[in-house]
file query.pdb (PDB, C-alpha atoms)
MODEL        1
ATOM      1  CA  MET T  24      14.574  -4.710  -3.457  1.00  0.00           C
ATOM      2  CA  ARG T  25      11.766  -5.315  -1.021  1.00  0.00           C
ATOM      3  CA  GLY T  26       9.974  -2.428   0.679  1.00  0.00           C
ATOM      4  CA  VAL T  27       9.683  -2.309   4.470  1.00  0.00           C
ATOM      5  CA  HIS T  28       5.925  -2.786   4.183  1.00  0.00           C
ATOM      6  CA  ASP T  29       6.078  -5.836   1.891  1.00  0.00           C
ATOM      7  CA  ARG T  30       5.771  -8.413   4.670  1.00  0.00           C
ATOM      8  CA  GLY T  31       4.410 -11.592   3.061  1.00  0.00           C
ATOM      9  CA  GLY T  32       6.880 -14.339   3.929  1.00  0.00           C
ATOM     10  CA  TRP T  33       9.193 -11.879   5.717  1.00  0.00           C
ATOM     11  CA  PRO T  34      11.612 -14.168   7.607  1.00  0.00           C
ATOM     12  CA  GLY T  35      10.984 -14.120  11.349  1.00  0.00           C
ATOM     13  CA  ALA T  36       8.017 -11.770  11.055  1.00  0.00           C
ATOM     14  CA  GLY T  37       6.010 -13.989  13.399  1.00  0.00           C
ATOM     15  CA  PRO T  38       2.256 -14.076  13.699  1.00  0.00           C
ATOM     16  CA  ILE T  39       0.086 -10.979  13.292  1.00  0.00           C
ATOM     17  CA  ASP T  40      -1.209  -9.393  16.497  1.00  0.00           C
ATOM     18  CA  ARG T  41      -4.944  -9.458  15.885  1.00  0.00           C
ATOM     19  CA  ALA T  42      -6.004  -8.113  19.253  1.00  0.00           C
ATOM     20  CA  GLU T  43      -8.513  -5.253  19.163  1.00  0.00           C
ATOM     21  CA  HIS T  44      -7.403  -2.074  20.890  1.00  0.00           C
ATOM     22  CA  HIS T  45      -8.958   1.144  22.069  1.00  0.00           C
ATOM     23  CA  LEU T  46      -8.545   4.134  19.751  1.00  0.00           C
ATOM     24  CA  GLU T  47      -7.295   7.393  21.245  1.00  0.00           C
ATOM     25  CA  ASP T  48      -8.783  10.730  20.218  1.00  0.00           C
ATOM     26  CA  TRP T  49      -5.654  11.695  18.262  1.00  0.00           C
ATOM     27  CA  GLU T  50      -5.986   8.455  16.274  1.00  0.00           C
ATOM     28  CA  ARG T  51      -9.584   9.288  15.349  1.00  0.00           C
ATOM     29  CA  ARG T  52      -8.511  12.829  14.414  1.00  0.00           C
ATOM     30  CA  THR T  53      -5.716  11.463  12.250  1.00  0.00           C
ATOM     31  CA  ASP T  54      -8.174   9.213  10.459  1.00  0.00           C
ATOM     32  CA  ALA T  55     -10.559  12.143   9.958  1.00  0.00           C
ATOM     33  CA  MET T  56      -7.805  14.355   8.545  1.00  0.00           C
ATOM     34  CA  VAL T  57      -6.748  11.685   6.056  1.00  0.00           C
ATOM     35  CA  GLN T  58     -10.364  11.074   5.003  1.00  0.00           C
ATOM     36  CA  LEU T  59     -10.949  14.790   4.558  1.00  0.00           C
ATOM     37  CA  LEU T  60      -7.730  15.560   2.689  1.00  0.00           C
ATOM     38  CA  SER T  61      -8.230  12.611   0.343  1.00  0.00           C
ATOM     39  CA  SER T  62     -11.969  13.191  -0.208  1.00  0.00           C
ATOM     40  CA  PRO T  63     -12.932  13.816  -3.859  1.00  0.00           C
ATOM     41  CA  LYS T  64     -13.999  17.350  -2.927  1.00  0.00           C
ATOM     42  CA  LYS T  65     -10.716  18.398  -1.298  1.00  0.00           C
ATOM     43  CA  ALA T  66      -8.457  16.054  -3.287  1.00  0.00           C
ATOM     44  CA  VAL T  67      -5.365  17.405  -1.510  1.00  0.00           C
ATOM     45  CA  THR T  68      -3.841  13.963  -1.356  1.00  0.00           C
ATOM     46  CA  ARG T  69      -4.616  10.386  -2.279  1.00  0.00           C
ATOM     47  CA  VAL T  70      -4.531   7.085  -0.454  1.00  0.00           C
ATOM     48  CA  ASP T  71      -1.776   6.007  -2.864  1.00  0.00           C
ATOM     49  CA  GLU T  72       0.393   8.920  -1.716  1.00  0.00           C
ATOM     50  CA  ILE T  73      -0.261   8.115   1.941  1.00  0.00           C
ATOM     51  CA  ARG T  74       0.807   4.528   1.311  1.00  0.00           C
ATOM     52  CA  ARG T  75       3.917   5.627  -0.568  1.00  0.00           C
ATOM     53  CA  ALA T  76       4.915   8.000   2.245  1.00  0.00           C
ATOM     54  CA  ILE T  77       4.519   5.177   4.792  1.00  0.00           C
ATOM     55  CA  GLU T  78       6.503   2.757   2.632  1.00  0.00           C
ATOM     56  CA  CYS T  79       9.363   5.297   2.476  1.00  0.00           C
ATOM     57  CA  LEU T  80       9.840   5.214   6.263  1.00  0.00           C
ATOM     58  CA  PRO T  81      13.233   3.882   7.366  1.00  0.00           C
ATOM     59  CA  LEU T  82      12.967   0.288   8.620  1.00  0.00           C
ATOM     60  CA  ASP T  83      13.602   1.173  12.291  1.00  0.00           C
ATOM     61  CA  GLN T  84      10.815   3.767  12.244  1.00  0.00           C
ATOM     62  CA  TYR T  85       8.464   1.465  10.358  1.00  0.00           C
ATOM     63  CA  GLU T  86       8.971  -1.165  13.051  1.00  0.00           C
ATOM     64  CA  PHE T  87       8.712   1.300  15.930  1.00  0.00           C
ATOM     65  CA  LEU T  88       5.747   3.503  14.972  1.00  0.00           C
ATOM     66  CA  SER T  89       2.164   2.444  15.626  1.00  0.00           C
ATOM     67  CA  TYR T  90      -0.436   2.277  12.850  1.00  0.00           C
ATOM     68  CA  TYR T  91      -1.745   5.826  13.208  1.00  0.00           C
ATOM     69  CA  GLU T  92       1.705   7.204  14.017  1.00  0.00           C
ATOM     70  CA  LYS T  93       2.624   6.023  10.513  1.00  0.00           C
ATOM     71  CA  TRP T  94      -0.391   7.918   9.164  1.00  0.00           C
ATOM     72  CA  THR T  95       0.563  11.160  10.940  1.00  0.00           C
ATOM     73  CA  SER T  96       4.132  10.762   9.737  1.00  0.00           C
ATOM     74  CA  ALA T  97       2.861  10.304   6.151  1.00  0.00           C
ATOM     75  CA  LEU T  98       0.575  13.340   6.452  1.00  0.00           C
ATOM     76  CA  GLU T  99       3.516  15.418   7.666  1.00  0.00           C
ATOM     77  CA  THR T 100       5.685  14.265   4.742  1.00  0.00           C
ATOM     78  CA  LEU T 101       2.970  14.959   2.168  1.00  0.00           C
ATOM     79  CA  MET T 102       1.794  18.324   3.505  1.00  0.00           C
ATOM     80  CA  ILE T 103       5.408  19.552   3.534  1.00  0.00           C
ATOM     81  CA  GLU T 104       6.009  18.076   0.067  1.00  0.00           C
ATOM     82  CA  LYS T 105       2.948  19.911  -1.266  1.00  0.00           C
ATOM     83  CA  GLY T 106       3.971  23.198   0.354  1.00  0.00           C
ATOM     84  CA  ILE T 107       0.867  23.394   2.566  1.00  0.00           C
ATOM     85  CA  VAL T 108       2.854  23.631   5.790  1.00  0.00           C
ATOM     86  CA  THR T 109       6.578  23.883   6.445  1.00  0.00           C
ATOM     87  CA  ARG T 110       8.715  21.655   8.667  1.00  0.00           C
ATOM     88  CA  ASP T 111       9.458  24.770  10.699  1.00  0.00           C
ATOM     89  CA  GLU T 112       5.757  25.499  11.312  1.00  0.00           C
ATOM     90  CA  ILE T 113       5.173  21.937  12.498  1.00  0.00           C
ATOM     91  CA  GLU T 114       8.187  22.014  14.829  1.00  0.00           C
ATOM     92  CA  ARG T 115       7.144  25.352  16.305  1.00  0.00           C
ATOM     93  CA  LYS T 116       3.631  24.016  16.955  1.00  0.00           C
ATOM     94  CA  VAL T 117       4.998  20.867  18.601  1.00  0.00           C
ATOM     95  CA  ALA T 118       7.285  22.946  20.829  1.00  0.00           C
ATOM     96  CA  ASP T 119       4.331  25.167  21.683  1.00  0.00           C
ATOM     97  CA  LEU T 120       2.169  22.189  22.691  1.00  0.00           C
ATOM     98  CA  GLU T 121       5.000  20.699  24.735  1.00  0.00           C
ATOM     99  CA  ARG T 122       5.372  23.994  26.599  1.00  0.00           C
ATOM    100  CA  LYS T 123       1.638  24.049  27.357  1.00  0.00           C
ATOM    101  CA  GLU T 124       1.727  20.479  28.570  1.00  0.00           C
ATOM    102  CA  ARG T 125       4.539  21.321  30.986  1.00  0.00           C
ATOM    103  CA  GLY T 126       2.505  24.303  32.157  1.00  0.00           C
ATOM    104  CA  ASP T 127       5.206  26.898  31.337  1.00  0.00           C
TER
ATOM    105  CA  MET G 119     -17.416  -3.417 -15.832  1.00  0.00           C
ATOM    106  CA  THR G 120     -15.568  -1.739 -18.688  1.00  0.00           C
ATOM    107  CA  GLY G 121     -12.463  -3.822 -19.293  1.00  0.00           C
ATOM    108  CA  VAL G 122     -12.654  -3.280 -23.055  1.00  0.00           C
ATOM    109  CA  THR G 123      -8.878  -3.230 -23.325  1.00  0.00           C
ATOM    110  CA  ALA G 124      -8.299  -6.155 -20.962  1.00  0.00           C
ATOM    111  CA  THR G 125      -5.641  -8.483 -22.346  1.00  0.00           C
ATOM    112  CA  PHE G 126      -6.363 -11.518 -20.200  1.00  0.00           C
ATOM    113  CA  LYS G 127      -9.546 -13.429 -19.545  1.00  0.00           C
ATOM    114  CA  PRO G 128     -10.629 -15.656 -16.688  1.00  0.00           C
ATOM    115  CA  GLY G 129      -8.853 -19.004 -16.870  1.00  0.00           C
ATOM    116  CA  ASP G 130      -5.685 -17.640 -18.496  1.00  0.00           C
ATOM    117  CA  PRO G 131      -2.438 -18.838 -16.903  1.00  0.00           C
ATOM    118  CA  VAL G 132      -0.281 -15.807 -16.101  1.00  0.00           C
ATOM    119  CA  ARG G 133       3.196 -15.211 -14.743  1.00  0.00           C
ATOM    120  CA  VAL G 134       3.925 -12.228 -12.507  1.00  0.00           C
ATOM    121  CA  LEU G 135       6.844 -10.116 -13.708  1.00  0.00           C
ATOM    122  CA  THR G 136      10.030 -10.204 -11.657  1.00  0.00           C
ATOM    123  CA  GLY G 137      11.287  -6.610 -11.753  1.00  0.00           C
ATOM    124  CA  SER G 138      12.016  -4.617  -8.596  1.00  0.00           C
ATOM    125  CA  PRO G 139      11.561  -1.020  -9.685  1.00  0.00           C
ATOM    126  CA  PRO G 140      11.681   1.666  -7.020  1.00  0.00           C
ATOM    127  CA  GLY G 141       8.458   3.463  -6.112  1.00  0.00           C
ATOM    128  CA  HIS G 142       5.029   2.436  -4.932  1.00  0.00           C
ATOM    129  CA  ILE G 143       4.500  -1.130  -6.157  1.00  0.00           C
ATOM    130  CA  ARG G 144       1.350  -3.026  -5.195  1.00  0.00           C
ATOM    131  CA  THR G 145       2.588  -6.395  -6.432  1.00  0.00           C
ATOM    132  CA  PRO G 146       4.041  -8.162  -3.378  1.00  0.00           C
ATOM    133  CA  VAL G 147       7.574  -9.533  -3.689  1.00  0.00           C
ATOM    134  CA  TYR G 148       6.627 -13.103  -2.791  1.00  0.00           C
ATOM    135  CA  ILE G 149       4.452 -13.564  -5.895  1.00  0.00           C
ATOM    136  CA  ARG G 150       6.864 -12.056  -8.418  1.00  0.00           C
ATOM    137  CA  GLY G 151       7.855 -14.682 -10.986  1.00  0.00           C
ATOM    138  CA  LYS G 152       5.080 -17.024  -9.825  1.00  0.00           C
ATOM    139  CA  ILE G 153       2.449 -18.566 -12.077  1.00  0.00           C
ATOM    140  CA  GLY G 154      -1.232 -18.228 -11.288  1.00  0.00           C
ATOM    141  CA  ARG G 155      -4.556 -18.205 -13.054  1.00  0.00           C
ATOM    142  CA  VAL G 156      -6.778 -15.229 -13.869  1.00  0.00           C
ATOM    143  CA  GLU G 157      -9.997 -15.594 -11.871  1.00  0.00           C
ATOM    144  CA  ALA G 158     -11.732 -12.318 -12.697  1.00  0.00           C
ATOM    145  CA  LEU G 159     -11.330  -8.837 -14.094  1.00  0.00           C
ATOM    146  CA  HIS G 160     -12.150  -6.206 -11.460  1.00  0.00           C
ATOM    147  CA  GLY G 161     -12.197  -3.325 -13.961  1.00  0.00           C
ATOM    148  CA  MET G 162      -9.953  -0.430 -14.959  1.00  0.00           C
ATOM    149  CA  PHE G 163      -8.329   1.754 -12.322  1.00  0.00           C
ATOM    150  CA  GLY G 164      -5.871   4.650 -12.145  1.00  0.00           C
ATOM    151  CA  ASN G 165      -2.308   3.379 -11.980  1.00  0.00           C
ATOM    152  CA  PRO G 166      -1.265   3.558  -8.290  1.00  0.00           C
ATOM    153  CA  GLU G 167       2.414   3.730  -9.281  1.00  0.00           C
ATOM    154  CA  SER G 168       1.685   7.157 -10.788  1.00  0.00           C
ATOM    155  CA  LEU G 169      -1.016   8.279  -8.313  1.00  0.00           C
ATOM    156  CA  ALA G 170       1.396   7.676  -5.417  1.00  0.00           C
ATOM    157  CA  PHE G 171       3.661  10.470  -6.676  1.00  0.00           C
ATOM    158  CA  GLY G 172       0.962  13.010  -7.522  1.00  0.00           C
ATOM    159  CA  GLY G 173       0.502  11.803 -11.120  1.00  0.00           C
ATOM    160  CA  ASP G 174      -2.856  11.463 -12.867  1.00  0.00           C
ATOM    161  CA  GLY G 175      -2.763   7.654 -12.909  1.00  0.00           C
ATOM    162  CA  LEU G 176      -3.508   7.555 -16.636  1.00  0.00           C
ATOM    163  CA  PRO G 177      -3.810   5.465 -18.680  1.00  0.00           C
ATOM    164  CA  LYS G 178      -6.041   3.404 -16.432  1.00  0.00           C
ATOM    165  CA  ARG G 179      -4.944  -0.211 -15.994  1.00  0.00           C
ATOM    166  CA  SER G 180      -6.921  -3.416 -15.887  1.00  0.00           C
ATOM    167  CA  LEU G 181      -6.896  -5.004 -12.438  1.00  0.00           C
ATOM    168  CA  TYR G 182      -7.275  -8.764 -12.200  1.00  0.00           C
ATOM    169  CA  GLN G 183      -7.893 -11.201  -9.421  1.00  0.00           C
ATOM    170  CA  VAL G 184      -5.274 -13.899  -9.834  1.00  0.00           C
ATOM    171  CA  GLY G 185      -5.275 -17.210  -7.941  1.00  0.00           C
ATOM    172  CA  PHE G 186      -2.025 -18.899  -6.915  1.00  0.00           C
ATOM    173  CA  PRO G 187      -1.750 -22.396  -5.449  1.00  0.00           C
ATOM    174  CA  GLN G 188      -0.230 -21.941  -1.972  1.00  0.00           C
ATOM    175  CA  THR G 189       2.145 -24.818  -2.739  1.00  0.00           C
ATOM    176  CA  GLU G 190       3.518 -22.748  -5.640  1.00  0.00           C
ATOM    177  CA  LEU G 191       4.276 -19.848  -3.277  1.00  0.00           C
ATOM    178  CA  TRP G 192       5.705 -21.513  -0.179  1.00  0.00           C
ATOM    179  CA  GLU G 193       8.246 -24.352  -0.374  1.00  0.00           C
ATOM    180  CA  ARG G 194       7.271 -25.910   2.917  1.00  0.00           C
ATOM    181  CA  TYR G 195       3.536 -25.338   2.705  1.00  0.00           C
ATOM    182  CA  THR G 196       1.802 -28.026   4.737  1.00  0.00           C
ATOM    183  CA  GLY G 197      -1.849 -27.157   4.099  1.00  0.00           C
ATOM    184  CA  SER G 198      -4.116 -28.676   1.492  1.00  0.00           C
ATOM    185  CA  PRO G 199      -2.644 -28.756  -2.026  1.00  0.00           C
ATOM    186  CA  ARG G 200      -5.917 -27.174  -3.153  1.00  0.00           C
ATOM    187  CA  ASP G 201      -5.418 -24.027  -1.022  1.00  0.00           C
ATOM    188  CA  THR G 202      -5.330 -20.941  -3.202  1.00  0.00           C
ATOM    189  CA  LEU G 203      -4.211 -17.387  -2.506  1.00  0.00           C
ATOM    190  CA  TYR G 204      -6.018 -14.635  -4.411  1.00  0.00           C
ATOM    191  CA  VAL G 205      -4.135 -11.437  -5.145  1.00  0.00           C
ATOM    192  CA  ASP G 206      -5.273  -8.363  -7.090  1.00  0.00           C
ATOM    193  CA  ILE G 207      -2.665  -7.549  -9.740  1.00  0.00           C
ATOM    194  CA  TYR G 208      -2.496  -4.841 -12.383  1.00  0.00           C
ATOM    195  CA  GLU G 209      -2.150  -5.903 -15.991  1.00  0.00           C
ATOM    196  CA  HIS G 210       1.292  -4.385 -16.530  1.00  0.00           C
ATOM    197  CA  TRP G 211       2.656  -6.793 -13.924  1.00  0.00           C
ATOM    198  CA  LEU G 212       1.425  -9.893 -15.801  1.00  0.00           C
ATOM    199  CA  GLU G 213       2.360 -11.892 -18.885  1.00  0.00           C
ATOM    200  CA  LEU G 214       0.772 -15.016 -20.383  1.00  0.00           C
ATOM    201  CA  ALA G 215       2.412 -18.146 -18.971  1.00  0.00           C
TER
ENDMDL
END
call {"tool": "encode", "arguments": {"input": "query.pdb", "output": "structure tokens"}}
result
Amino acid sequence: MRGVHDRGGWPGAGPIDRAEHHLEDWERRTDAMVQLLSSPKKAVTRVDEIRRAIECLPLDQYEFLSYYEKWTSALETLMIEKGIVTRDEIERKVADLERKERGD
Amino acid sequence: MTGVTATFKPGDPVRVLTGSPPGHIRTPVYIRGKIGRVEALHGMFGNPESLAFGGDGLPKRSLYQVGFPQTELWERYTGSPRDTLYVDIYEHWLELA
């Protein structure tokens, strides 16, 4: 079976979009978090685990999420898997931020 | 470069294994079963198939650069017959061809 990420010769994949794009702050933060957590000193996770978590995304999500959205999704999966944060804690934080954004 | 336990040497014809095990596999599907030629030994590295699931990646595996003629990979390839694709492949995915 072929993983969702294994795109060489994927029928109908079309050409690669090679346009440069501006990076948002959250994308830079995501990159920093991954670098920090996978640094030899912290060694909380590894690039191989990040890749595996991305490759496990369902096809529709893999197609839909942007590059760094895939990274944040992988970080979420791995930090829950390792017992560092819980799904509940993440959901509460997201709800909290959404409330703040709405100005409640 | 360590590579003391490397099985293959530059110039060796090798075939990529055809299995499709689940997990984190760094050998792309489109080269499985294809024949290429060892170009270089990169060295020994932790096995990503183990590292990806929190394992220690040991024993380390030899990683080779293998060259494949593009015409061997793509049926309707229209470029030069001398075009070559280079892929890094771990030893346990290769056999002598």
call {"tool": "interface_residues", "arguments": {"input": "query.pdb", "of": "chain G", "to": "chain T", "cutoff": "6 Å", "atoms": "only C-alpha atoms", "output": "PyMOL selection string"}}
result
chain G and resi 138+142+166+169-170
call {"tool": "resolve_selection", "arguments": {"input": "query.pdb", "expression": "the PyMOL selection byres ((chain G and resi 153) around 8)", "output": "tab-separated table (two decimals) with C-alpha atoms, in the frame of the given file"}}
result
chain	number	residue	atom	x	y	z
G	131	PRO	CA	-2.44	-18.84	-16.90
G	132	VAL	CA	-0.28	-15.81	-16.10
G	133	ARG	CA	3.20	-15.21	-14.74
G	134	VAL	CA	3.92	-12.23	-12.51
G	151	GLY	CA	7.86	-14.68	-10.99
G	152	LYS	CA	5.08	-17.02	-9.82
G	154	GLY	CA	-1.23	-18.23	-11.29
G	155	ARG	CA	-4.56	-18.20	-13.05
G	186	PHE	CA	-2.02	-18.90	-6.92
G	190	GLU	CA	3.52	-22.75	-5.64
G	215	ALA	CA	2.41	-18.15	-18.97
call {"tool": "residues_around", "arguments": {"input": "query.pdb", "residues": "G:Leu176", "least_positions_apart": "3", "cutoff": "8 Å", "atoms": "all atoms listed in the file", "output": "PyMOL selection string"}}
result
chain G and resi 164-165+168+179
call {"tool": "atom_distance", "arguments": {"input": "query.pdb", "atom1": "atom CA of T:Asp127", "atom2": "atom CA of T:Leu88"}}
result
28.6 Å
call {"tool": "atom_distance", "arguments": {"input": "query.pdb", "atom1": "atom CA of G:Glu157", "atom2": "atom CA of T:Pro38"}}
result
28.4 Å
call {"tool": "resolve_selection", "arguments": {"input": "query.pdb", "expression": "the PyMOL selection byres ((chain G and resi 192) around 12)", "output": "JSON list (two decimals) with C-alpha atoms, in the frame of the given file"}}
result
[["chain", "number", "residue", "atom", "x", "y", "z"],
["T", 31, "GLY", "CA", 4.41, -11.59, 3.06],
["T", 32, "GLY", "CA", 6.88, -14.34, 3.93],
["T", 33, "TRP", "CA", 9.19, -11.88, 5.72],
["G", 148, "TYR", "CA", 6.63, -13.10, -2.79],
["G", 149, "ILE", "CA", 4.45, -13.56, -5.90],
["G", 152, "LYS", "CA", 5.08, -17.02, -9.82],
["G", 186, "PHE", "CA", -2.02, -18.90, -6.92],
["G", 187, "PRO", "CA", -1.75, -22.40, -5.45],
["G", 188, "GLN", "CA", -0.23, -21.94, -1.97],
["G", 189, "THR", "CA", 2.14, -24.82, -2.74],
["G", 190, "GLU", "CA", 3.52, -22.75, -5.64],
["G", 191, "LEU", "CA", 4.28, -19.85, -3.28],
["G", 193, "GLU", "CA", 8.25, -24.35, -0.37],
["G", 194, "ARG", "CA", 7.27, -25.91, 2.92],
["G", 195, "TYR", "CA", 3.54, -25.34, 2.70],
["G", 196, "THR", "CA", 1.80, -28.03, 4.74],
["G", 197, "GLY", "CA", -1.85, -27.16, 4.10],
["G", 199, "PRO", "CA", -2.64, -28.76, -2.03],
["G", 201, "ASP", "CA", -5.42, -24.03, -1.02],
["G", 202, "THR", "CA", -5.33, -20.94, -3.20],
["G", 203, "LEU", "CA", -4.21, -17.39, -2.51]]
call {"tool": "atom_distance", "arguments": {"input": "query.pdb", "atom1": "atom CA of T:Gln84", "atom2": "atom CA of T:Asp119"}}
result
24.3 Å
call {"tool": "decode", "arguments": {"input": "query.pdb", "residues": "stretch 74-100 of chain T", "atoms": "N, CA and C atoms", "output": "mmCIF file, in the first residue's frame"}}
result
data_model
loop_
_atom_site.group_PDB
_atom_site.id
_atom_site.type_symbol
_atom_site.label_atom_id
_atom_site.label_comp_id
_atom_site.auth_asym_id
_atom_site.auth_seq_id
_atom_site.Cartn_x
_atom_site.Cartn_y
_atom_site.Cartn_z
ATOM 1 N N ARG T 74 7.680 12.999 10.697
ATOM 2 C CA ARG T 74 7.311 12.515 9.355
ATOM 3 C C ARG T 74 6.249 11.427 9.452
ATOM 4 N N ARG T 75 6.458 10.495 10.364
ATOM 5 C CA ARG T 75 5.499 9.386 10.509
ATOM 6 C C ARG T 75 4.105 9.926 10.858
ATOM 7 N N ALA T 76 4.064 10.903 11.781
ATOM 8 C CA ALA T 76 2.768 11.452 12.188
ATOM 9 C C ALA T 76 2.083 12.145 11.007
ATOM 10 N N ILE T 77 2.858 12.803 10.151
ATOM 11 C CA ILE T 77 2.284 13.461 8.972
ATOM 12 C C ILE T 77 1.779 12.413 7.977
ATOM 13 N N GLU T 78 2.560 11.357 7.807
ATOM 14 C CA GLU T 78 2.196 10.309 6.847
ATOM 15 C C GLU T 78 0.935 9.557 7.278
ATOM 16 N N CYS T 79 0.620 9.608 8.581
ATOM 17 C CA CYS T 79 -0.569 8.912 9.096
ATOM 18 C C CYS T 79 -1.844 9.736 8.933
ATOM 19 N N LEU T 80 -1.724 10.970 8.435
ATOM 20 C CA LEU T 80 -2.926 11.790 8.235
ATOM 21 C C LEU T 80 -3.842 11.110 7.215
ATOM 22 N N PRO T 81 -5.172 11.203 7.439
ATOM 23 C CA PRO T 81 -6.087 10.706 6.409
ATOM 24 C C PRO T 81 -5.892 11.512 5.124
ATOM 25 N N LEU T 82 -6.126 10.867 3.986
ATOM 26 C CA LEU T 82 -5.865 11.482 2.679
ATOM 27 C C LEU T 82 -6.511 12.863 2.543
ATOM 28 N N ASP T 83 -7.782 13.003 2.968
ATOM 29 C CA ASP T 83 -8.470 14.288 2.772
ATOM 30 C C ASP T 83 -7.774 15.399 3.566
ATOM 31 N N GLN T 84 -7.294 15.055 4.777
ATOM 32 C CA GLN T 84 -6.594 16.063 5.569
ATOM 33 C C GLN T 84 -5.221 16.363 4.975
ATOM 34 N N TYR T 85 -4.557 15.326 4.504
ATOM 35 C CA TYR T 85 -3.231 15.513 3.903
ATOM 36 C C TYR T 85 -3.313 16.468 2.719
ATOM 37 N N GLU T 86 -4.389 16.316 1.940
ATOM 38 C CA GLU T 86 -4.580 17.173 0.764
ATOM 39 C C GLU T 86 -4.959 18.604 1.162
ATOM 40 N N PHE T 87 -5.702 18.717 2.255
ATOM 41 C CA PHE T 87 -6.312 19.989 2.636
ATOM 42 C C PHE T 87 -5.371 20.875 3.450
ATOM 43 N N LEU T 88 -4.579 20.273 4.343
ATOM 44 C CA LEU T 88 -3.742 21.059 5.245
ATOM 45 C C LEU T 88 -2.522 21.635 4.527
ATOM 46 N N SER T 89 -2.111 22.828 4.966
ATOM 47 C CA SER T 89 -0.903 23.432 4.412
ATOM 48 C C SER T 89 0.315 22.770 5.058
ATOM 49 N N TYR T 90 1.490 23.127 4.557
ATOM 50 C CA TYR T 90 2.742 22.522 5.026
ATOM 51 C C TYR T 90 2.885 22.599 6.550
ATOM 52 N N TYR T 91 2.807 23.808 7.103
ATOM 53 C CA TYR T 91 3.001 23.939 8.542
ATOM 54 C C TYR T 91 1.778 23.519 9.346
ATOM 55 N N GLU T 92 0.602 23.491 8.733
ATOM 56 C CA GLU T 92 -0.548 22.890 9.415
ATOM 57 C C GLU T 92 -0.296 21.401 9.636
ATOM 58 N N LYS T 93 0.366 20.757 8.683
ATOM 59 C CA LYS T 93 0.727 19.343 8.859
ATOM 60 C C LYS T 93 1.701 19.194 10.021
ATOM 61 N N TRP T 94 2.642 20.143 10.132
ATOM 62 C CA TRP T 94 3.599 20.081 11.248
ATOM 63 C C TRP T 94 2.897 20.240 12.592
ATOM 64 N N THR T 95 1.973 21.206 12.696
ATOM 65 C CA THR T 95 1.289 21.408 13.981
ATOM 66 C C THR T 95 0.436 20.186 14.315
ATOM 67 N N SER T 96 -0.189 19.621 13.289
ATOM 68 C CA SER T 96 -0.987 18.419 13.500
ATOM 69 C C SER T 96 -0.102 17.282 14.023
ATOM 70 N N ALA T 97 1.096 17.140 13.442
ATOM 71 C CA ALA T 97 2.025 16.080 13.866
ATOM 72 C C ALA T 97 2.492 16.328 15.300
ATOM 73 N N LEU T 98 2.788 17.591 15.617
ATOM 74 C CA LEU T 98 3.221 17.922 16.982
ATOM 75 C C LEU T 98 2.137 17.556 17.988
ATOM 76 N N GLU T 99 0.884 17.874 17.630
ATOM 77 C CA GLU T 99 -0.242 17.567 18.506
ATOM 78 C C GLU T 99 -0.312 16.054 18.746
ATOM 79 N N THR T 100 -0.270 15.291 17.658
ATOM 80 C CA THR T 100 -0.316 13.825 17.750
ATOM 81 C C THR T 100 0.788 13.302 18.672
#
